[in-house]
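Coordinates as given in final_16.pdb (PDB, C-alpha atoms, pLDDT in the B column):
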```pdb
ATOM      1  CA  MET A   7     -38.789 -23.006 -46.475  1.00 46.00           C
ATOM      2  CA  LYS A   8     -36.389 -25.678 -45.311  1.00 49.00           C
ATOM      3  CA  ASN A   9     -33.662 -23.156 -44.419  1.00 54.00           C
ATOM      4  CA  ARG A  10     -36.111 -20.955 -42.554  1.00 56.00           C
ATOM      5  CA  SER A  11     -37.471 -23.913 -40.628  1.00 65.00           C
ATOM      6  CA  THR A  12     -33.968 -24.941 -39.610  1.00 55.00           C
ATOM      7  CA  SER A  13     -33.214 -21.376 -38.493  1.00 54.00           C
ATOM      8  CA  GLU A  14     -36.390 -21.248 -36.440  1.00 58.00           C
ATOM      9  CA  ARG A  15     -35.535 -24.538 -34.742  1.00 52.00           C
ATOM     10  CA  LYS A  16     -32.096 -23.232 -33.865  1.00 53.00           C
ATOM     11  CA  ARG A  17     -33.557 -20.072 -32.363  1.00 55.00           C
ATOM     12  CA  ALA A  18     -36.052 -22.094 -30.341  1.00 53.00           C
ATOM     13  CA  ALA A  19     -33.303 -24.376 -29.078  1.00 52.00           C
ATOM     14  CA  GLY A  20     -31.194 -21.346 -28.171  1.00 59.00           C
ATOM     15  CA  GLY A  21     -34.114 -19.839 -26.288  1.00 74.00           C
ATOM     16  CA  ARG A  22     -34.653 -23.035 -24.311  1.00 86.00           C
ATOM     17  CA  GLU A  23     -30.957 -23.224 -23.464  1.00 93.00           C
ATOM     18  CA  LEU A  24     -30.916 -19.609 -22.280  1.00 94.00           C
ATOM     19  CA  LYS A  25     -33.998 -20.223 -20.156  1.00 93.00           C
ATOM     20  CA  ARG A  26     -32.305 -23.258 -18.623  1.00 94.00           C
ATOM     21  CA  ARG A  27     -29.136 -21.283 -17.861  1.00 95.00           C
ATOM     22  CA  VAL A  28     -31.080 -18.446 -16.236  1.00 95.00           C
ATOM     23  CA  LEU A  29     -33.157 -20.779 -14.084  1.00 94.00           C
ATOM     24  CA  GLU A  30     -30.078 -22.754 -13.047  1.00 94.00           C
ATOM     25  CA  ALA A  31     -28.306 -19.527 -12.049  1.00 95.00           C
ATOM     26  CA  LEU A  32     -31.293 -18.432  -9.978  1.00 95.00           C
ATOM     27  CA  GLU A  33     -31.587 -21.811  -8.266  1.00 93.00           C
ATOM     28  CA  THR A  34     -27.943 -22.173  -7.295  1.00 87.00           C
ATOM     29  CA  GLY A  35     -27.254 -18.839  -5.612  1.00 80.00           C
ATOM     30  CA  GLY A  36     -28.331 -15.369  -4.663  1.00 89.00           C
ATOM     31  CA  GLU A  37     -28.216 -12.214  -6.730  1.00 93.00           C
ATOM     32  CA  GLU A  38     -24.449 -11.804  -6.976  1.00 93.00           C
ATOM     33  CA  THR A  39     -23.835 -15.468  -7.792  1.00 94.00           C
ATOM     34  CA  ALA A  40     -26.590 -15.461 -10.420  1.00 95.00           C
ATOM     35  CA  ILE A  41     -25.292 -12.298 -12.078  1.00 94.00           C
ATOM     36  CA  GLN A  42     -21.784 -13.744 -12.227  1.00 94.00           C
ATOM     37  CA  ALA A  43     -23.110 -16.960 -13.757  1.00 94.00           C
ATOM     38  CA  LEU A  44     -24.967 -15.009 -16.425  1.00 94.00           C
ATOM     39  CA  GLY A  45     -22.110 -12.640 -17.179  1.00 90.00           C
ATOM     40  CA  GLY A  46     -21.398 -12.157 -20.854  1.00 89.00           C
ATOM     41  CA  ILE A  47     -25.018 -12.602 -21.940  1.00 95.00           C
ATOM     42  CA  PRO A  48     -26.461  -9.366 -23.377  1.00 96.00           C
ATOM     43  CA  LEU A  49     -28.784  -7.815 -20.803  1.00 96.00           C
ATOM     44  CA  LYS A  50     -31.655  -7.527 -23.273  1.00 96.00           C
ATOM     45  CA  GLN A  51     -31.600 -11.290 -23.856  1.00 96.00           C
ATOM     46  CA  LEU A  52     -32.012 -11.980 -20.141  1.00 97.00           C
ATOM     47  CA  VAL A  53     -35.297 -10.089 -19.795  1.00 97.00           C
ATOM     48  CA  SER A  54     -37.711 -12.713 -21.175  1.00 95.00           C
ATOM     49  CA  PRO A  55     -36.268 -15.660 -19.201  1.00 96.00           C
ATOM     50  CA  LEU A  56     -36.381 -13.525 -16.053  1.00 96.00           C
ATOM     51  CA  PHE A  57     -40.041 -12.691 -16.659  1.00 95.00           C
ATOM     52  CA  GLY A  58     -40.729 -16.414 -16.704  1.00 92.00           C
ATOM     53  CA  ALA A  59     -38.760 -16.958 -13.515  1.00 94.00           C
ATOM     54  CA  LEU A  60     -40.779 -14.311 -11.647  1.00 94.00           C
ATOM     55  CA  HIS A  61     -43.717 -16.731 -11.739  1.00 90.00           C
ATOM     56  CA  ARG A  62     -41.847 -19.427  -9.858  1.00 88.00           C
ATOM     57  CA  MET A  63     -43.225 -20.045  -6.386  1.00 84.00           C
ATOM     58  CA  GLU A  64     -40.015 -21.307  -4.748  1.00 91.00           C
ATOM     59  CA  PRO A  65     -38.984 -18.368  -2.536  1.00 92.00           C
ATOM     60  CA  ARG A  66     -35.282 -18.588  -3.360  1.00 92.00           C
ATOM     61  CA  VAL A  67     -35.889 -18.541  -7.108  1.00 94.00           C
ATOM     62  CA  HIS A  68     -38.606 -15.905  -6.885  1.00 95.00           C
ATOM     63  CA  TRP A  69     -36.691 -13.372  -4.814  1.00 96.00           C
ATOM     64  CA  THR A  70     -33.453 -13.875  -6.709  1.00 96.00           C
ATOM     65  CA  ALA A  71     -35.355 -13.363  -9.971  1.00 97.00           C
ATOM     66  CA  VAL A  72     -36.823 -10.115  -8.598  1.00 97.00           C
ATOM     67  CA  LYS A  73     -33.378  -8.811  -7.659  1.00 97.00           C
ATOM     68  CA  VAL A  74     -31.678  -9.903 -10.873  1.00 97.00           C
ATOM     69  CA  MET A  75     -34.477  -8.368 -12.943  1.00 97.00           C
ATOM     70  CA  GLY A  76     -33.882  -5.136 -11.053  1.00 98.00           C
ATOM     71  CA  ALA A  77     -30.148  -5.274 -11.687  1.00 97.00           C
ATOM     72  CA  VAL A  78     -30.542  -6.199 -15.362  1.00 97.00           C
ATOM     73  CA  THR A  79     -33.067  -3.444 -16.080  1.00 98.00           C
ATOM     74  CA  ALA A  80     -31.016  -0.856 -14.203  1.00 97.00           C
ATOM     75  CA  GLY A  81     -28.068  -1.959 -16.339  1.00 96.00           C
ATOM     76  CA  LEU A  82     -30.173  -1.585 -19.466  1.00 97.00           C
ATOM     77  CA  ALA A  83     -31.102   1.923 -18.371  1.00 97.00           C
ATOM     78  CA  ARG A  84     -27.431   2.877 -18.264  1.00 96.00           C
ATOM     79  CA  GLU A  85     -26.971   1.510 -21.795  1.00 95.00           C
ATOM     80  CA  ASP A  86     -30.259   2.606 -23.344  1.00 96.00           C
ATOM     81  CA  MET A  87     -32.999   4.189 -21.247  1.00 98.00           C
ATOM     82  CA  GLU A  88     -35.676   3.382 -23.789  1.00 98.00           C
ATOM     83  CA  GLU A  89     -34.929  -0.354 -23.517  1.00 97.00           C
ATOM     84  CA  ALA A  90     -35.454  -0.116 -19.755  1.00 98.00           C
ATOM     85  CA  ARG A  91     -38.759   1.671 -20.339  1.00 98.00           C
ATOM     86  CA  VAL A  92     -39.803  -1.175 -22.624  1.00 98.00           C
ATOM     87  CA  VAL A  93     -39.294  -3.631 -19.726  1.00 98.00           C
ATOM     88  CA  LEU A  94     -41.454  -1.527 -17.402  1.00 98.00           C
ATOM     89  CA  ARG A  95     -44.159  -1.116 -20.038  1.00 97.00           C
ATOM     90  CA  ARG A  96     -44.186  -4.875 -20.480  1.00 96.00           C
ATOM     91  CA  MET A  97     -44.708  -5.181 -16.728  1.00 96.00           C
ATOM     92  CA  MET A  98     -47.595  -2.731 -16.904  1.00 96.00           C
ATOM     93  CA  TRP A  99     -49.158  -4.817 -19.673  1.00 94.00           C
ATOM     94  CA  ASN A 100     -48.743  -7.997 -17.617  1.00 93.00           C
ATOM     95  CA  LEU A 101     -50.721  -6.349 -14.799  1.00 93.00           C
ATOM     96  CA  ASN A 102     -53.456  -5.259 -17.190  1.00 87.00           C
ATOM     97  CA  ASP A 103     -56.593  -7.410 -17.253  1.00 70.00           C
ATOM     98  CA  GLU A 104     -56.461  -7.393 -21.047  1.00 69.00           C
ATOM     99  CA  SER A 105     -53.152  -9.271 -21.007  1.00 59.00           C
ATOM    100  CA  GLY A 106     -54.942 -12.465 -20.029  1.00 58.00           C
ATOM    101  CA  GLY A 107     -52.279 -13.227 -17.405  1.00 68.00           C
ATOM    102  CA  ILE A 108     -51.956 -12.662 -13.683  1.00 78.00           C
ATOM    103  CA  GLY A 109     -48.615 -10.878 -13.406  1.00 87.00           C
ATOM    104  CA  TRP A 110     -47.150 -12.946 -10.577  1.00 90.00           C
ATOM    105  CA  GLY A 111     -43.984 -11.323  -9.273  1.00 94.00           C
ATOM    106  CA  VAL A 112     -44.338  -8.249 -11.456  1.00 96.00           C
ATOM    107  CA  PRO A 113     -45.103  -5.602  -8.769  1.00 97.00           C
ATOM    108  CA  GLU A 114     -42.056  -6.695  -6.764  1.00 97.00           C
ATOM    109  CA  ALA A 115     -39.811  -6.580  -9.839  1.00 98.00           C
ATOM    110  CA  MET A 116     -41.166  -3.200 -10.940  1.00 98.00           C
ATOM    111  CA  ALA A 117     -40.428  -1.727  -7.519  1.00 98.00           C
ATOM    112  CA  GLU A 118     -36.975  -3.315  -7.460  1.00 98.00           C
ATOM    113  CA  ILE A 119     -36.154  -1.570 -10.745  1.00 98.00           C
ATOM    114  CA  LEU A 120     -37.371   1.784  -9.430  1.00 98.00           C
ATOM    115  CA  THR A 121     -35.348   1.283  -6.269  1.00 98.00           C
ATOM    116  CA  ARG A 122     -32.190   0.872  -8.321  1.00 97.00           C
ATOM    117  CA  ASN A 123     -32.620   3.742 -10.801  1.00 97.00           C
ATOM    118  CA  GLU A 124     -33.781   7.197  -9.761  1.00 97.00           C
ATOM    119  CA  ALA A 125     -34.669   8.396 -13.263  1.00 98.00           C
ATOM    120  CA  LEU A 126     -36.977   5.426 -13.805  1.00 98.00           C
ATOM    121  CA  ALA A 127     -38.384   5.868 -10.294  1.00 98.00           C
ATOM    122  CA  ARG A 128     -39.365   9.457 -11.023  1.00 98.00           C
ATOM    123  CA  GLU A 129     -40.978   8.401 -14.288  1.00 98.00           C
ATOM    124  CA  PHE A 130     -42.895   5.331 -13.093  1.00 98.00           C
ATOM    125  CA  VAL A 131     -43.527   5.777  -9.349  1.00 98.00           C
ATOM    126  CA  ASN A 132     -47.039   7.099  -9.970  1.00 98.00           C
ATOM    127  CA  ILE A 133     -47.833   3.954 -11.948  1.00 98.00           C
ATOM    128  CA  LEU A 134     -46.638   1.753  -9.094  1.00 98.00           C
ATOM    129  CA  ALA A 135     -48.706   3.691  -6.564  1.00 98.00           C
ATOM    130  CA  SER A 136     -51.779   3.562  -8.809  1.00 97.00           C
ATOM    131  CA  TYR A 137     -52.045  -0.194  -8.279  1.00 97.00           C
ATOM    132  CA  SER A 138     -53.044   0.528  -4.661  1.00 98.00           C
ATOM    133  CA  ARG A 139     -55.960   2.831  -5.537  1.00 96.00           C
ATOM    134  CA  GLU A 140     -59.420   1.543  -6.353  1.00 94.00           C
ATOM    135  CA  GLU A 141     -60.147   4.469  -8.660  1.00 94.00           C
ATOM    136  CA  ALA A 142     -56.990   3.779 -10.649  1.00 95.00           C
ATOM    137  CA  ASN A 143     -55.270   0.461 -11.489  1.00 94.00           C
ATOM    138  CA  TYR A 144     -56.159  -1.422  -8.319  1.00 95.00           C
ATOM    139  CA  LEU A 145     -54.859  -4.991  -8.097  1.00 95.00           C
ATOM    140  CA  GLU A 146     -57.661  -7.229  -6.870  1.00 92.00           C
ATOM    141  CA  HIS A 147     -55.760 -10.499  -6.416  1.00 92.00           C
ATOM    142  CA  GLU A 148     -54.416 -10.739  -2.876  1.00 94.00           C
ATOM    143  CA  PRO A 149     -51.073 -12.363  -3.842  1.00 92.00           C
ATOM    144  CA  LEU A 150     -50.460  -9.438  -6.208  1.00 95.00           C
ATOM    145  CA  GLN A 151     -51.312  -7.061  -3.373  1.00 97.00           C
ATOM    146  CA  HIS A 152     -48.688  -8.826  -1.249  1.00 97.00           C
ATOM    147  CA  GLY A 153     -46.153  -8.189  -3.995  1.00 97.00           C
ATOM    148  CA  LEU A 154     -47.244  -4.592  -4.419  1.00 98.00           C
ATOM    149  CA  LEU A 155     -46.900  -3.735  -0.723  1.00 98.00           C
ATOM    150  CA  TRP A 156     -43.565  -5.564  -0.560  1.00 98.00           C
ATOM    151  CA  GLY A 157     -42.451  -3.471  -3.520  1.00 98.00           C
ATOM    152  CA  MET A 158     -43.629  -0.213  -2.018  1.00 98.00           C
ATOM    153  CA  VAL A 159     -41.813  -1.019   1.223  1.00 98.00           C
ATOM    154  CA  ARG A 160     -38.675  -1.794  -0.787  1.00 98.00           C
ATOM    155  CA  LEU A 161     -38.929   1.524  -2.620  1.00 98.00           C
ATOM    156  CA  ALA A 162     -39.809   3.459   0.534  1.00 98.00           C
ATOM    157  CA  LEU A 163     -36.666   2.190   2.236  1.00 97.00           C
ATOM    158  CA  VAL A 164     -34.582   3.938  -0.432  1.00 97.00           C
ATOM    159  CA  ARG A 165     -36.729   6.656  -2.043  1.00 97.00           C
ATOM    160  CA  PRO A 166     -39.476   7.512   0.490  1.00 97.00           C
ATOM    161  CA  GLU A 167     -39.978  11.056  -0.780  1.00 96.00           C
ATOM    162  CA  LEU A 168     -40.828   9.854  -4.285  1.00 97.00           C
ATOM    163  CA  LEU A 169     -43.335   7.255  -3.132  1.00 97.00           C
ATOM    164  CA  ARG A 170     -44.873   9.640  -0.600  1.00 97.00           C
ATOM    165  CA  GLY A 171     -45.427  12.143  -3.402  1.00 96.00           C
ATOM    166  CA  ALA A 172     -47.192   9.494  -5.487  1.00 97.00           C
ATOM    167  CA  LYS A 173     -49.832   9.131  -2.712  1.00 96.00           C
ATOM    168  CA  PRO A 174     -50.349   5.367  -2.488  1.00 97.00           C
ATOM    169  CA  GLU A 175     -53.564   4.266  -0.761  1.00 97.00           C
ATOM    170  CA  VAL A 176     -52.395   2.306   2.283  1.00 98.00           C
ATOM    171  CA  GLY A 177     -55.307   2.576   4.724  1.00 97.00           C
ATOM    172  CA  PRO A 178     -57.497  -0.254   3.373  1.00 97.00           C
ATOM    173  CA  PHE A 179     -54.603  -2.714   3.639  1.00 98.00           C
ATOM    174  CA  LEU A 180     -54.349  -2.020   7.376  1.00 98.00           C
ATOM    175  CA  ARG A 181     -57.886  -3.365   7.710  1.00 96.00           C
ATOM    176  CA  SER A 182     -57.305  -6.412   5.492  1.00 97.00           C
ATOM    177  CA  GLY A 183     -57.958  -9.968   6.637  1.00 96.00           C
ATOM    178  CA  SER A 184     -54.406 -10.850   5.570  1.00 97.00           C
ATOM    179  CA  PRO A 185     -51.674 -10.484   8.232  1.00 98.00           C
ATOM    180  CA  VAL A 186     -49.161  -9.981   5.415  1.00 98.00           C
ATOM    181  CA  LEU A 187     -51.040  -6.978   4.081  1.00 98.00           C
ATOM    182  CA  ARG A 188     -51.643  -5.535   7.554  1.00 98.00           C
ATOM    183  CA  GLY A 189     -47.986  -5.953   8.501  1.00 98.00           C
ATOM    184  CA  LEU A 190     -46.523  -4.597   5.289  1.00 98.00           C
ATOM    185  CA  GLY A 191     -49.063  -1.773   5.320  1.00 98.00           C
ATOM    186  CA  ALA A 192     -48.200  -0.852   8.887  1.00 98.00           C
ATOM    187  CA  TYR A 193     -44.477  -0.795   8.192  1.00 98.00           C
ATOM    188  CA  LEU A 194     -45.034   1.235   5.018  1.00 98.00           C
ATOM    189  CA  SER A 195     -47.168   3.741   6.930  1.00 98.00           C
ATOM    190  CA  GLY A 196     -44.232   4.463   9.198  1.00 97.00           C
ATOM    191  CA  LEU A 197     -41.702   4.676   6.393  1.00 97.00           C
ATOM    192  CA  LEU A 198     -43.877   7.211   4.579  1.00 97.00           C
ATOM    193  CA  ARG A 199     -44.967   8.908   7.842  1.00 96.00           C
ATOM    194  CA  LEU A 200     -48.656   8.677   6.995  1.00 96.00           C
ATOM    195  CA  ASP A 201     -49.944  10.416  10.105  1.00 95.00           C
ATOM    196  CA  GLY A 202     -53.519  10.188   8.900  1.00 96.00           C
ATOM    197  CA  LEU A 203     -53.372   6.443   9.589  1.00 97.00           C
ATOM    198  CA  ARG A 204     -52.418   6.855  13.247  1.00 97.00           C
ATOM    199  CA  ALA A 205     -55.778   5.577  14.562  1.00 97.00           C
ATOM    200  CA  ASP A 206     -55.527   2.442  12.434  1.00 97.00           C
ATOM    201  CA  LEU A 207     -51.973   1.839  13.610  1.00 98.00           C
ATOM    202  CA  GLU A 208     -52.984   2.255  17.246  1.00 97.00           C
ATOM    203  CA  GLU A 209     -55.628  -0.420  16.698  1.00 97.00           C
ATOM    204  CA  LEU A 210     -53.107  -2.684  14.955  1.00 97.00           C
ATOM    205  CA  ALA A 211     -50.652  -2.348  17.844  1.00 97.00           C
ATOM    206  CA  ARG A 212     -52.758  -4.987  19.604  1.00 97.00           C
ATOM    207  CA  ASP A 213     -52.722  -7.319  16.601  1.00 97.00           C
ATOM    208  CA  GLU A 214     -51.141 -10.630  17.649  1.00 97.00           C
ATOM    209  CA  ALA A 215     -51.062 -12.145  14.139  1.00 98.00           C
ATOM    210  CA  VAL A 216     -47.682 -13.433  12.983  1.00 98.00           C
ATOM    211  CA  ILE A 217     -46.445 -13.157   9.406  1.00 97.00           C
ATOM    212  CA  ARG A 218     -45.086 -16.533   8.339  1.00 95.00           C
ATOM    213  CA  GLU A 219     -44.608 -15.954   4.610  1.00 95.00           C
ATOM    214  CA  ASP A 220     -41.114 -15.538   3.159  1.00 95.00           C
ATOM    215  CA  LEU A 221     -40.796 -11.817   2.390  1.00 97.00           C
ATOM    216  CA  ASP A 222     -37.049 -11.855   1.764  1.00 95.00           C
ATOM    217  CA  GLY A 223     -36.288 -10.382   5.174  1.00 96.00           C
ATOM    218  CA  ILE A 224     -37.746  -6.984   4.371  1.00 97.00           C
ATOM    219  CA  LEU A 225     -39.584  -6.620   7.693  1.00 97.00           C
ATOM    220  CA  PRO A 226     -37.857  -5.993  11.051  1.00 97.00           C
ATOM    221  CA  ALA A 227     -40.501  -8.025  12.948  1.00 97.00           C
ATOM    222  CA  ASP A 228     -42.952 -10.789  12.120  1.00 96.00           C
ATOM    223  CA  ARG A 229     -45.773  -9.777  14.490  1.00 98.00           C
ATOM    224  CA  VAL A 230     -48.217  -7.287  13.012  1.00 98.00           C
ATOM    225  CA  GLY A 231     -48.581  -5.441  16.321  1.00 98.00           C
ATOM    226  CA  ASP A 232     -44.829  -4.908  16.601  1.00 98.00           C
ATOM    227  CA  LEU A 233     -44.727  -3.426  13.093  1.00 98.00           C
ATOM    228  CA  ALA A 234     -47.554  -1.060  14.010  1.00 98.00           C
ATOM    229  CA  VAL A 235     -45.658   0.057  17.129  1.00 97.00           C
ATOM    230  CA  LEU A 236     -42.556   0.738  15.027  1.00 97.00           C
ATOM    231  CA  ALA A 237     -44.661   2.789  12.640  1.00 97.00           C
ATOM    232  CA  LEU A 238     -46.160   4.816  15.499  1.00 97.00           C
ATOM    233  CA  ASP A 239     -42.670   5.469  16.835  1.00 96.00           C
ATOM    234  CA  GLU A 240     -41.709   6.772  13.409  1.00 95.00           C
ATOM    235  CA  LEU A 241     -44.739   9.037  13.274  1.00 95.00           C
ATOM    236  CA  ASP A 242     -43.723  10.455  16.654  1.00 92.00           C
ATOM    237  CA  ARG A 243     -40.070  10.621  15.496  1.00 80.00           C
ATOM    238  CA  ARG A 244     -39.082   8.771  18.637  1.00 54.00           C
ATOM    239  CA  GLY A 245     -37.752   5.479  17.404  1.00 45.00           C
ATOM    240  CA  GLY A 246     -35.858   6.255  14.228  1.00 46.00           C
ATOM    241  CA  GLY A 247     -35.431   2.528  13.678  1.00 47.00           C
ATOM    242  CA  LEU A 248     -37.149   2.498  10.326  1.00 53.00           C
ATOM    243  CA  ARG A 249     -34.836   5.106   8.900  1.00 46.00           C
ATOM    244  CA  ASP A 250     -31.811   3.280  10.256  1.00 47.00           C
ATOM    245  CA  ARG A 251     -32.842   0.204   8.243  1.00 43.00           C
ATOM    246  CA  LYS A 252     -32.839   2.101   4.968  1.00 44.00           C
ATOM    247  CA  GLU A 253     -31.137  -0.211   2.497  1.00 42.00           C
ATOM    248  CA  LYS A 254     -28.031   1.009   0.767  1.00 37.00           C
ATOM    249  CA  SER A 255     -27.746  -1.754  -1.827  1.00 37.00           C
ATOM    250  CA  GLY A 256     -29.648  -0.896  -4.960  1.00 43.00           C
ATOM    251  CA  LEU A 257     -28.917   2.829  -4.911  1.00 43.00           C
ATOM    252  CA  ASP A 258     -27.686   4.311  -8.143  1.00 45.00           C
ATOM    253  CA  PRO A 259     -23.878   4.330  -8.421  1.00 38.00           C
ATOM    254  CA  PRO A 260     -22.220   7.737  -8.058  1.00 28.00           C
TER     255      PRO A 260
END
```
In structure tokens, write the structure found in this file.
Amino acid sequence: MKNRSTSERKRAAGGRELKRRVLEALETGGEETAIQALGGIPLKQLVSPLFGALHRMEPRVHWTAVKVMGAVTAGLAREDMEEARVVLRRMMWNLNDESGGIGWGVPEAMAEILTRNEALAREFVNILASYSREEANYLEHEPLQHGLLWGMVRLALVRPELLRGAKPEVGPFLRSGSPVLRGLGAYLSGLLRLDGLRADLEELARDEAVIREDLDGILPADRVGDLAVLALDELDRRGGGLRDRKEKSGLDPP
């Protein structure tokens, strides 16, 4: 009993030290700096500390955790695809009411993973989209909806055809009381060329609300009306600006 107790204490201390190292790496730099600081640690060991960091509210820590989780899980997929699936299934559980948690940061991280690995995107994109549909796995908490729409925008910037095929339900977000949801929804409508939402976008073009939340620079404008105008331009294939902003970082390596 004594030896086992000592071993357990050592494991607990090691877990606390790893958590400290991960959080310190996320606090002191962006994605590249954090990954360099954590180099040499097996990717699988980084997953649990990163899950904890996703809950942090400080924007710098939160967004760096999202990106590093994406990079780590994409790396796991190259080593062992099943281990990467385990991470995504854990995310699905965290977003399940039965988990007893809230799942802060999970939709963003899930989308970041799918953005970085096409095989995982094809396998899990329908799950991501299902969180937008009331008849499926709809997320009721508004902060989670913010994360979901951010994640769908992130994925649509790189893999629009996959997300379009998964048929996310965007329309209700355009009529939300939240400027963040209206703005992200408008931008997403253009990226996915959801022509059926044209009337809603025309109404939103007069929306003077300004998005003040830190969304990691994913939007090209902070006024909801401007985002709606960009989306309408995309529907008419006049502007092309949304396609030009398609992010290259995060694509699978050749």
Point-to-point distance in Å for atom CA of A:Leu44 and atom CA of A:Leu154: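 Interatomic distance here is 27.4 Å.
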Could you give me the centre and size, in Å to one decimal, of an axis-aligned box around all listed atoms of stretch 94-103 of chain A with 3 Å added on every side, as lines of an AutoDock Vina configuration file?
```
center_x = -49.0
center_y = -4.6
center_z = -17.6
size_x = 21.1
size_y = 12.9
size_z = 11.7
```
message: Which residue is closest to A:Glu124? Choose from A:Trp99, A:Glu208, A:Ala80, A:Glu141 and count all atoms listed in the file.
response: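 When distances to A:Glu124 are compared using all atoms listed in the file, the smallest one comes from A:Ala80.
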task: Would you translate the PyMOL selection byres ((chain A and resi 61) around 6) into the concrete set of residues it matches in this file, as a ChimeraX atom specification?
output: /A:58-60,62,110-111
message: Calculated over all atoms listed in the file, which of the candidates A:Val67, A:Leu82, A:Ala192, A:Ala77 has the smallest distance to A:Lys50?
response: A:Leu82
message: For a quick check of understanding, using all atoms listed in the file, which of A:Leu150, A:Arg84, A:Ile108, A:Arg96 has the smallest distance to A:Leu126?
response: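 Of A:Leu150, A:Arg84, A:Ile108, A:Arg96, the one nearest A:Leu126 is A:Arg84, counting all atoms listed in the file.
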Atom-to-atom span, atom CA of A:Ile119 and atom CA of A:Val131, Å: 10.5 Å
field: Target residues per the PyMOL selection byres ((chain A and resi 227) around 12), formatted as number ranges by chain
entry: A: 186, 189-190, 192-193, 214-218, 221, 223-226, 228-237, 247-248
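On the file presented, the PyMOL selection byres ((chain A and resi 132-135) around 7) picks out A:Phe130, A:Val131, A:Ser136, A:Tyr137, A:Ser138, A:Ala172, A:Lys173, A:Pro174.
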task: For atom CA of A:Glu114 and atom CA of A:Trp156, quote the distance in Å rounded to one decimal.
output: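 Calculated distance between atom CA of A:Glu114 and atom CA of A:Trp156 is 6.5 Å.
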message: Here is a test: counting all atoms listed in the file, which residue of A:Gly183, A:Gly21, A:Gly76, A:Gly36 is nearest to A:Gln51?
response: A:Gly21
- request: Using all atoms listed in the file, collect all residues at a distance of at most 12 Å from (-27.2, -16.8, -5.4) as written in the file, then present them as a list in words.
  value: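 The requested residues, written out, are Val28, Leu29, Glu30, Ala31, Leu32, Glu33, Thr34, Gly35, Gly36, Glu37, Glu38, Thr39, Ala40, Ile41, Gln42, Ala43, Leu44, Arg66, Val67, His68, Trp69, Thr70, Ala71, Lys73 and Val74 of chain A.
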- prompt: Restricting the calculation to all atoms listed in the file, which member of A:Gly177, A:Leu210, A:Glu167, A:Leu241 is positioned closest to A:Gly196?
  reply: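 Answer, going by the shortest atom-to-atom distance: A:Leu241.
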task: Can you work out which one of A:Val78, A:Leu161, A:Leu207, A:Ala83 has the shortest atom-to-atom distance to A:Phe179, counting all atoms listed in the file?
output: A:Leu207
